[in-house]
Amino acid sequence: MPLTDIQRANQSYRLGTTITEHLLLCEDECPAASGQFTRLLSELIISAKLISREVNKAGLADILGMTGDVNVQGEKVVKLDEFANQALIYRMERSGLLCAMASEENADVIEVPENMPRGSYVLSFDPLDGSSNVDANASIGTIFSIHRKIEDAGCGILDNFLRYGYEQVAAGYFLYGSSTMLVYTAGKGVHGFTLDPSVGEFLLSHQNITMPERGRIYSVNEAYTDYWDERTRAVVNYFKSSKNERGKPYTARYIGALVADFHRNLLYGGIYMYPADSRDSHKPHGKLRLLCEAAPLAFIVEQAGGAASDGRQRILDIKATELHQRVPLFIGCKSDVEKAMAIMQGKV
Ligand code: P6P
């Protein structure tokens, strides 16, 4: 018997599964997902809601444009970038769950002050990936990666961050697009939540996200073709001339925000590539950072059945040697990444 409008209105409290319900359910199923992790993710969510609020009104407030500063990456700091960075640092150092953080915007490790409650996790993050798109109202996002600190190690030591990708406890991203989403993994699948702004809750919208074996999209900035080596050009040409499982050509899609390109490819099937190129001798391994971009997305993509490599090895098998280490990135559907690797290694 269908519900009447009144019955439906009286049941409007039935939101769907909130992120808190989901995490509490996971605590039962995932021993590693302790209550601490649930609290840590909840604090990240508060930060993301603050950032989402500013992103969504960026066109109205005087928050567009540049601060005039340049960050450790040598990139001009966009005002929203700085807001996002400060919001995350302020909230997360008060979470009581971290002992240190590493931000793409900060040159050094950010140790939680001694007068603040400290915990046993360390957090790496890109506060606003793709921020150069913000003035154009294109999707941007926050990427995060969580490790447990090294036993008996001091909070602020670099070694807490110079870890293998496979040691991550959890990883995820917030996407500020047509809606605000959270996609995360704690090692038990990949789950997506969409913010219902009317109640301020993230509701489960994409449970157990799984990638197809092969994709139908390739994402790369072909303006750099002349700066790639021969094998990289061969990889891109392969996807340009390839047919997907339905016999149709691959589609080229490139937003210029890794988190948005990754999210679309995660849901629709595809491969994102940011290869090494010869443009900048200071960045021989490409532009993307291992700790706050490649490694967290690699954790997610593998949990969704995909793959991620630097062209030679699995991203999650790389042990970081520098805080802002850069790596080439090929990430997406498993057979697409495997094909790209075979070409990069001269096996085909
Ligand atoms: P390019 C944003 O600055 C970023 O790090 C990624 O989000 C994005 O995919 C890439 O750089 C875009 O770089 O060189 O193609 O403009």
# chains A, B, ... in the order shown; residues from 1 in each chain; ligands from 1

$ residues_near_ligand --ligand "ligand 1" --cutoff "6 Å" --atoms "only C-alpha atoms and all ligand atoms" --output "PyMOL selection string"
chain A and resi 129-130+221+256-258+288

$ residues_around --residues "A:Ile143" --least-positions-apart "4" --cutoff "7 Å" --atoms "only C-alpha atoms" --output "list in words"
Phe125, Asp126, Pro127, Gly172, Tyr173, Phe174, Cys292 and Glu293 of chain A

$ residues_around --residues "A:Met116" --least-positions-apart "2" --cutoff "9 Å" --atoms "only C-alpha atoms" --output "list of chain:residue names"
A:Glu93, A:Arg94, A:Ser95, A:Gly96, A:Val112, A:Pro113, A:Glu114, A:Arg118

$ atom_distance --atom1 "atom CA of A:Ala308" --atom2 "atom CA of A:Ile331"
4.2 Å

$ atom_distance --atom1 "atom CA of A:Leu98" --atom2 "atom CA of A:Glu167"
16.4 Å

$ residues_around --residues "A:Asp159" --least-positions-apart "4" --cutoff "10 Å" --atoms "only C-alpha atoms" --output "list in words"
Lys149, Ile150, Ala153, Gly154, Cys155, Arg163, Ala320, Thr321, Glu322 and Leu323 of chain A

$ closest_residue --among "A:Glu338, A:Asp28, A:Asp69, A:Glu302" --to "A:Gly187" --atoms "only C-alpha atoms"
A:Glu302

$ closest_residue --among "A:Ala223, A:Arg279, A:Gly215, A:Arg233" --to "A:Leu266" --atoms "only C-alpha atoms"
A:Gly215

$ select_by_dssp --residues "stretch 117-272 of chain A" --states "strand (DSSP E or B)" --output "VMD selection string"
chain A and resid 121 to 129 140 to 148 164 170 to 176 180 to 185 190 to 196 201 to 206 217 to 219 243 249 251 to 252 271 to 272

$ select_by_dssp --residues "stretch 116-316 of chain A" --states "helix (DSSP H, G or I)" --output "count of residues only"
56

$ residues_around --residues "A:Ala260" --least-positions-apart "5" --cutoff "8 Å" --atoms "only C-alpha atoms" --output "MDAnalysis selection string"
chainID A and resid 139:141 175 255

$ write_last_selection --atoms "N, CA and C atoms" --output "PDB file, in the first residue's frame"
ATOM      1  N   SER A 139      34.527  21.898 -10.060  1.00  0.00           N
ATOM      2  CA  SER A 139      34.654  21.074  -8.845  1.00  0.00           C
ATOM      3  C   SER A 139      36.083  21.058  -8.327  1.00  0.00           C
ATOM      4  N   ILE A 140      36.200  21.130  -6.994  1.00  0.00           N
ATOM      5  CA  ILE A 140      37.499  21.046  -6.317  1.00  0.00           C
ATOM      6  C   ILE A 140      37.297  20.164  -5.087  1.00  0.00           C
ATOM      7  N   GLY A 141      38.387  19.876  -4.377  1.00  0.00           N
ATOM      8  CA  GLY A 141      38.192  18.961  -3.248  1.00  0.00           C
ATOM      9  C   GLY A 141      39.321  18.943  -2.246  1.00  0.00           C
ATOM     10  N   LEU A 175      34.500  16.211  -2.053  1.00  0.00           N
ATOM     11  CA  LEU A 175      34.378  16.823  -3.382  1.00  0.00           C
ATOM     12  C   LEU A 175      33.331  17.928  -3.293  1.00  0.00           C
ATOM     13  N   ILE A 255      39.423  17.741 -16.194  1.00  0.00           N
ATOM     14  CA  ILE A 255      38.889  18.950 -15.546  1.00  0.00           C
ATOM     15  C   ILE A 255      40.018  19.859 -15.074  1.00  0.00           C
TER      16      ILE A 255
END
